[in-house]
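**Student:** Pasting a structure here, questions to come.
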Amino acid sequence: MEKFFLSEFPELSRETLRFIKKGFDASYRAFSREYGDTIEAVFDPVLYFLVWFEKLLQNSPWPIVLICFLAVIYFGSRKISVTIGSLFAFLLIGIFGMWEDTMSTVSIIGVCTLLSIGIGIPVGVLMAKSERAQRICTPILDIMQTMPSFVYLIPVVMLLGIGKIPGLLAVVIYAIPPIIRLTNLGIREVDSEVLEAADAFGANPRQKLFQIQLPLALPTIFAGINQTIMMALAMVVIASMIGVKGLGQPVLKAITNQYFAMGLFNGLAIVALAIIFDRVSQSFGHRIQQHRSGARE
Amino acid sequence: MSEIKIQIKNLYKIFGKSPKSALEQVKDGVNKDELLEKHNHVLGLKDINLDIKEKSIQVVMGLSGSGKSTLIRHINRLIEPTDGSVVVDGDDVLKMNDENLRNFRRTKTAMVFQRFALLPHKTVLENTMFGLHIQNIDEKEANTRARRWIDRVGLSGYEEKYPQHLSGGMQQRVGLARALTNDGEILLMDEAFSALDPLIRKDMQDILLELQDELHKTVVFITHDLDEALKIGDRIAILKDGIMDQEGIPADILLSPKTQYVKDFVEDVNRARVIKAKHIMSELNGQDRDNAMFVDQDDFIDRFIDKVISDKPNCLIVKNKNNDEIGYLSTKRLSEILKR
């Protein structure tokens with residue numbers, strides 16, 4: 001008995017374990033049957049917007065879409081080299097027959113980034129303002145970042161089925177932590193002397209937030225947005241497993257059928273998108289902290 | 001005498017976990033070291049009483065850790081006291097609610113900081129307008145007012161620069177312009193010139209005195225530099241370890257230091273530059289006018305000492321602005337004053 005106790009970890013009986021798991025699954029299934037439709041309805045506006053945006057990118061004549069992209073890239077980065085590089089990347093993507101998938105990916109990344117910013121910045125501000133919020137949010141963010149994404153795909157799919165919205169949720173869950181963390185950090189790093197000066201001049205909390213804390217935290221927040229976009233792109237392939245269209249699906253197909261070239265092309269298209277997003281958001285972030293550098297434009 | 005603008009009464013500040021219970025100990029006579037050792041609380045200020053007169057420059061002087069920066073932050077309640085009261089124009093600052101306190105800070109006071117505390121993401125002009133923006137004052141008016149003060153502190157042409165592109169002295173001019181644009185009656189200056197080079201510091205002191213001649217604000221000025229205190233202070237309060245050692249006009253502090261600490265402090269000061277004839281004169285009682293010398297009551301000793309040495313008068317007769325004789329000064333007394 002003694003020997004047995006030490007050599008094998010005392011575990012619950014198989015019966016009990018199965019009972020626990022079954023019970024858990026059953027109650028979650030009941031929950032999703034009960035509330036699945038309601039929750040899905042909540043996301044309807046997001047879905048409409050996503051579908052509209054995707055159709056807009058796919059159905060507009062490609063030269064117009066390309067010109068719009070390049071304009072955004074140029075005004076974001078103010079760099080001619082980045083713009084020309086992007087032009088070539090998009091042309092190659094088009095020539096190799098990946099234009100449509102790329103538009104799907106751009107649309108879902110765009111919507112995910114907007115959602116992450118819309119949710120992430122207020123949560124980050126809340127964390128910076130309240131110690132209790134920080135204590136509650138930090139472990140949740142840890143879980144979101146370390147939990148293997150396949151694991152939280154299961155309840156999402158159980159709840160909402162397969163499609164765009166569950167994919168979107170999975171991407172947002174995976175990609176939102178950096179923007180929350182860096183908003184929190186950026187605001188907490190604001191010089192306390194500057195805040196004291198604001199107090200001395202009678203600034204109220206709202207004025208302090210919008211005139212001092214957020215503007216001064218902006219470069220850090222931007223680093224968070226950059227990270228969020230990168231992580232959203234990295235999630236594209238996994239999201240395609242639950243029915244998100246885009247560059248991820250051909251990659252998935254290539255994996256299952258061992259089509260190396262197909263995987264490589266689509267993989268490179270994702271890389272190209274990542275580099276473009278990264279360069280544009282980085283130089284934009286750099287430009288808004290101009291006051292730190294010596295020269296002004 | 002002019003009216004009292006700021007009245008600080010029995011002010012205590014104790015830093016630590018339960019300052020209220022530590023307060024009892026302090027009132028029972030526990031001193032700073034003992035309080036820290038036995039109760040793990042830091043005594044910031046102990047029983048401070050200070051009446052600050054309207055339109056005067058009150059200097060609070062002390063070395064680091066003396067509590068001077070803590071004291072000035074009580075006037076606009078950036079720090080909550082443990083006990084006591086701060087009354088400005090008859091209103092107890094400590095009884096104000098958040099809204100009233102913000103209004104008080106917006107309209108009555110303005111503050112200049114040791115390390116400038118400018119907003120790095122805003123230009124000189126925007127920094128100067130900061131106080132007005134907080135008050136939601138119309139942009140056009142804010143702009144005019146800010147530009148006037150930027151010009152007044154000598155920063156015209158730098159309106160669109162960011163603080164990082166300016167030298168320390170220029171940054172503090174922005175700090176001063178920001179405070180003056182706010183147009184509060186009270187100007188709180190927390191070691192405002194301490195971070196500047198000696199020459200720049202002298203410039204800034206001159207600017208302050210020049211502005212004060214025309215603006216007549218109530219200025220509370222914190223410094224650790226005795227020369228600076230003597231130069232700009234109408235009155236000086238000396239703090240040591242959170243306790244006020246002495247308060248009075250510069251000449252009194254020089255001539256009759258109350259504690260050893262103050263004595264050590266003022267030992268090496270050039271008295272001729274600080275003491276005026278009126279500070280050391282005695283009452284007239286039929287002095288001989290033969291070979292007497294006449295001096296103005298507001299003349300510093302170093303204004304007339306050379307003449308005393310060359311002319312060798314019997315005594316000095318002190319006159320006021322209306323040319324009335326109001327006192328006399330013997331050469332013996334003069335040399336005593338200067339010898340010590």
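How things are named: the first chain in the structure tokens is A, the next is B, and so on; residues count from 1 in each chain; ligands count from 1 in the order shown.
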Determine which residues of chain A sit within 8 Å of chain B, taking into account only C-alpha atoms, and present them as a list in words.
**Tutor:**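 So the contacting residues turn out to be Glu193, Val194, Glu196, Ala197, Asp199, Ala200, Phe201, Gly202, Ala203, Asn204, Gln207, Ile212, Pro215, Leu216, Gln289, His291, Arg292 and Gly294 of chain A.
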**Student:** Export, as a PDB file, in the first residue's frame, the selected residues with N, CA and C atoms.
**Tutor:**
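New file again.pdb:
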```
ATOM      1  N   GLU A 193       5.408  63.858 -11.690  1.00  0.00           N
ATOM      2  CA  GLU A 193       5.540  65.310 -11.505  1.00  0.00           C
ATOM      3  C   GLU A 193       4.624  66.072 -12.457  1.00  0.00           C
ATOM      4  N   VAL A 194       4.510  65.543 -13.678  1.00  0.00           N
ATOM      5  CA  VAL A 194       3.616  66.189 -14.643  1.00  0.00           C
ATOM      6  C   VAL A 194       2.171  66.084 -14.146  1.00  0.00           C
ATOM      7  N   GLU A 196       1.282  65.869 -11.039  1.00  0.00           N
ATOM      8  CA  GLU A 196       1.137  66.773  -9.900  1.00  0.00           C
ATOM      9  C   GLU A 196       0.892  68.194 -10.396  1.00  0.00           C
ATOM     10  N   ALA A 197       1.619  68.576 -11.453  1.00  0.00           N
ATOM     11  CA  ALA A 197       1.407  69.904 -12.030  1.00  0.00           C
ATOM     12  C   ALA A 197      -0.037  70.039 -12.508  1.00  0.00           C
ATOM     13  N   ASP A 199      -2.611  68.507 -11.360  1.00  0.00           N
ATOM     14  CA  ASP A 199      -3.438  68.661 -10.151  1.00  0.00           C
ATOM     15  C   ASP A 199      -3.360  70.091  -9.631  1.00  0.00           C
ATOM     16  N   ALA A 200      -2.138  70.620  -9.614  1.00  0.00           N
ATOM     17  CA  ALA A 200      -1.943  71.957  -9.062  1.00  0.00           C
ATOM     18  C   ALA A 200      -2.690  73.009  -9.872  1.00  0.00           C
ATOM     19  N   PHE A 201      -2.898  72.733 -11.154  1.00  0.00           N
ATOM     20  CA  PHE A 201      -3.644  73.687 -11.975  1.00  0.00           C
ATOM     21  C   PHE A 201      -5.140  73.365 -11.997  1.00  0.00           C
ATOM     22  N   GLY A 202      -5.540  72.388 -11.198  1.00  0.00           N
ATOM     23  CA  GLY A 202      -6.965  72.124 -11.039  1.00  0.00           C
ATOM     24  C   GLY A 202      -7.578  71.242 -12.106  1.00  0.00           C
ATOM     25  N   ALA A 203      -6.781  70.376 -12.712  1.00  0.00           N
ATOM     26  CA  ALA A 203      -7.339  69.476 -13.725  1.00  0.00           C
ATOM     27  C   ALA A 203      -8.189  68.410 -13.052  1.00  0.00           C
ATOM     28  N   ASN A 204      -9.345  68.080 -13.649  1.00  0.00           N
ATOM     29  CA  ASN A 204     -10.143  66.992 -13.091  1.00  0.00           C
ATOM     30  C   ASN A 204      -9.680  65.676 -13.723  1.00  0.00           C
ATOM     31  N   GLN A 207      -9.851  65.433 -17.524  1.00  0.00           N
ATOM     32  CA  GLN A 207      -8.869  66.266 -18.216  1.00  0.00           C
ATOM     33  C   GLN A 207      -7.481  65.667 -18.126  1.00  0.00           C
ATOM     34  N   ILE A 212      -3.357  64.510 -20.724  1.00  0.00           N
ATOM     35  CA  ILE A 212      -2.004  64.177 -20.299  1.00  0.00           C
ATOM     36  C   ILE A 212      -1.711  62.681 -20.394  1.00  0.00           C
ATOM     37  N   PRO A 215      -2.321  60.985 -24.134  1.00  0.00           N
ATOM     38  CA  PRO A 215      -1.330  61.442 -25.124  1.00  0.00           C
ATOM     39  C   PRO A 215       0.086  60.994 -24.795  1.00  0.00           C
ATOM     40  N   LEU A 216       0.456  61.046 -23.512  1.00  0.00           N
ATOM     41  CA  LEU A 216       1.817  60.654 -23.167  1.00  0.00           C
ATOM     42  C   LEU A 216       2.004  59.141 -23.255  1.00  0.00           C
ATOM     43  N   GLN A 289       5.377  60.541 -31.593  1.00  0.00           N
ATOM     44  CA  GLN A 289       6.190  60.951 -30.448  1.00  0.00           C
ATOM     45  C   GLN A 289       7.341  61.831 -30.911  1.00  0.00           C
ATOM     46  N   HIS A 291       7.807  64.841 -30.449  1.00  0.00           N
ATOM     47  CA  HIS A 291       8.296  65.791 -29.455  1.00  0.00           C
ATOM     48  C   HIS A 291       9.493  65.270 -28.686  1.00  0.00           C
ATOM     49  N   ARG A 292       9.696  63.949 -28.738  1.00  0.00           N
ATOM     50  CA  ARG A 292      10.836  63.391 -28.021  1.00  0.00           C
ATOM     51  C   ARG A 292      12.133  63.538 -28.805  1.00  0.00           C
ATOM     52  N   GLY A 294      14.829  65.326 -31.654  1.00  0.00           N
ATOM     53  CA  GLY A 294      15.353  66.682 -31.764  1.00  0.00           C
ATOM     54  C   GLY A 294      14.606  67.553 -32.755  1.00  0.00           C
TER      55      GLY A 294
END
```
**Student:** Taking only segment 36-176 of chain B into account, list the residues labelled strand (DSSP E or B) by DSSP (computed from the backbone), as a count of residues only.
**Tutor:** 29
**Student:** Report as a CSV table (one decimal) with C-alpha atoms, in the first residue's frame all protein, DNA and RNA residues lying within 7 Å of Arg145 of chain B, evaluated on only C-alpha atoms, omitting residues in the same chain fewer than 4 positions from it.
**Tutor:**
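The new file around.csv reads:
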```csv
chain,number,residue,atom,x,y,z
B,141,GLU,CA,-8.4,84.7,-25.3
B,149,TRP,CA,3.4,86.2,-20.8
B,181,THR,CA,-0.9,83.2,-17.3
```
**Student:** List every residue of segment 168-276 of chain A that DSSP, applied to the backbone, labels as alpha helix (DSSP H), and write the result as number ranges by chain.
**Tutor:** A: 168-175, 177-188, 192-200, 205-208, 214-234, 236-240, 248-257, 260-276
**Student:** For segment 17-29 of chain A, please output as a list in words all residues within 12 Å (counting only C-alpha atoms; exclusion window: fewer than 2 positions along the same chain).
**Tutor:**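 Non-adjacent residues within range: Glu11, Leu12, Ser13, Arg14, Glu15, Phe31, Ser32, Arg33, Glu34, Tyr35, Gly36, Ile154, Pro155, Val156, Val157, Met158, Leu159, Leu160 and Gly161 of chain A.
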**Student:** Could you turn the residues from that selection into a file that holds C-alpha atoms, as an mmCIF file, in the first residue's frame?
**Tutor:**
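What follows is the written file result-v3.cif:
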```cif
data_model
loop_
_atom_site.group_PDB
_atom_site.id
_atom_site.type_symbol
_atom_site.label_atom_id
_atom_site.label_comp_id
_atom_site.auth_asym_id
_atom_site.auth_seq_id
_atom_site.Cartn_x
_atom_site.Cartn_y
_atom_site.Cartn_z
ATOM 1 C CA GLU A 11 -5.629 10.225 -8.525
ATOM 2 C CA LEU A 12 -9.386 10.288 -8.730
ATOM 3 C CA SER A 13 -10.945 7.142 -10.046
ATOM 4 C CA ARG A 14 -11.667 6.992 -13.746
ATOM 5 C CA GLU A 15 -15.352 6.885 -12.946
ATOM 6 C CA PHE A 31 -25.888 26.842 -21.332
ATOM 7 C CA SER A 32 -25.032 27.208 -25.006
ATOM 8 C CA ARG A 33 -28.396 25.770 -26.074
ATOM 9 C CA GLU A 34 -30.084 28.244 -23.787
ATOM 10 C CA TYR A 35 -28.094 31.375 -24.591
ATOM 11 C CA GLY A 36 -26.250 30.585 -27.846
ATOM 12 C CA ILE A 154 -13.795 24.400 -28.250
ATOM 13 C CA PRO A 155 -16.242 26.385 -26.076
ATOM 14 C CA VAL A 156 -16.441 29.145 -28.678
ATOM 15 C CA VAL A 157 -17.440 26.641 -31.350
ATOM 16 C CA MET A 158 -19.844 24.899 -28.985
ATOM 17 C CA LEU A 159 -21.475 28.202 -28.248
ATOM 18 C CA LEU A 160 -21.542 29.856 -31.646
ATOM 19 C CA GLY A 161 -20.860 27.074 -34.124
#
```
**Student:** May I ask which of the residues A:Val237, A:Met103, A:Ile180, A:Leu153 is the closest one to Gln134 of chain A, counting only C-alpha atoms?
**Tutor:**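 Between A:Val237, A:Met103, A:Ile180, A:Leu153, the residue approaching Gln134 of chain A most closely is A:Ile180.
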**Student:** Compile the contact shell of Pro250 of chain A as JSON, numbers by chain: residues with an atom at most 9 Å away, counting only C-alpha atoms, same-chain residues fewer than 5 positions apart removed.
**Tutor:** {"A": [101, 237, 240, 255, 262, 263, 266]}
**Student:** Mind dumping the selected residues with N, CA and C atoms as a PDB file, in the first residue's frame?
**Tutor:**
```pdb
ATOM      1  N   ASP A 101      -8.325  35.869 -51.256  1.00  0.00           N
ATOM      2  CA  ASP A 101      -8.053  35.403 -49.895  1.00  0.00           C
ATOM      3  C   ASP A 101      -7.392  36.494 -49.054  1.00  0.00           C
ATOM      4  N   VAL A 237      -4.251  31.253 -39.413  1.00  0.00           N
ATOM      5  CA  VAL A 237      -4.306  29.844 -39.809  1.00  0.00           C
ATOM      6  C   VAL A 237      -5.191  29.047 -38.856  1.00  0.00           C
ATOM      7  N   SER A 240      -8.759  29.685 -39.346  1.00  0.00           N
ATOM      8  CA  SER A 240      -9.339  29.081 -40.555  1.00  0.00           C
ATOM      9  C   SER A 240      -9.879  27.680 -40.260  1.00  0.00           C
ATOM     10  N   ILE A 255      -1.391  21.857 -45.598  1.00  0.00           N
ATOM     11  CA  ILE A 255      -0.859  20.992 -44.541  1.00  0.00           C
ATOM     12  C   ILE A 255      -1.466  19.589 -44.655  1.00  0.00           C
ATOM     13  N   MET A 262       1.917  25.459 -52.372  1.00  0.00           N
ATOM     14  CA  MET A 262       0.714  26.179 -51.990  1.00  0.00           C
ATOM     15  C   MET A 262       0.849  26.773 -50.594  1.00  0.00           C
ATOM     16  N   GLY A 263       1.364  25.942 -49.679  1.00  0.00           N
ATOM     17  CA  GLY A 263       1.572  26.430 -48.315  1.00  0.00           C
ATOM     18  C   GLY A 263       2.539  27.588 -48.293  1.00  0.00           C
ATOM     19  N   ASN A 266       1.042  30.982 -49.782  1.00  0.00           N
ATOM     20  CA  ASN A 266       0.096  31.634 -48.875  1.00  0.00           C
ATOM     21  C   ASN A 266       0.776  32.090 -47.590  1.00  0.00           C
TER      22      ASN A 266
END
```
**Student:** Could you name the residues that touch segment 50-66 of chain A at 9 Å or less, counting only C-alpha atoms, but leaving out those on the same chain fewer than 6 positions away, as JSON, numbers by chain?
**Tutor:** {"A": [87, 90, 91, 99, 100, 101, 103, 104, 105, 106, 107, 108, 110, 111, 164]}
**Student:** So, counting only C-alpha atoms, which residue among A:Ala198, A:Met230, A:Leu247, A:Leu115 is closest to Ile173 of chain A?
**Tutor:**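 Residue with the minimum atom-to-atom distance to Ile173 of chain A: A:Leu115.
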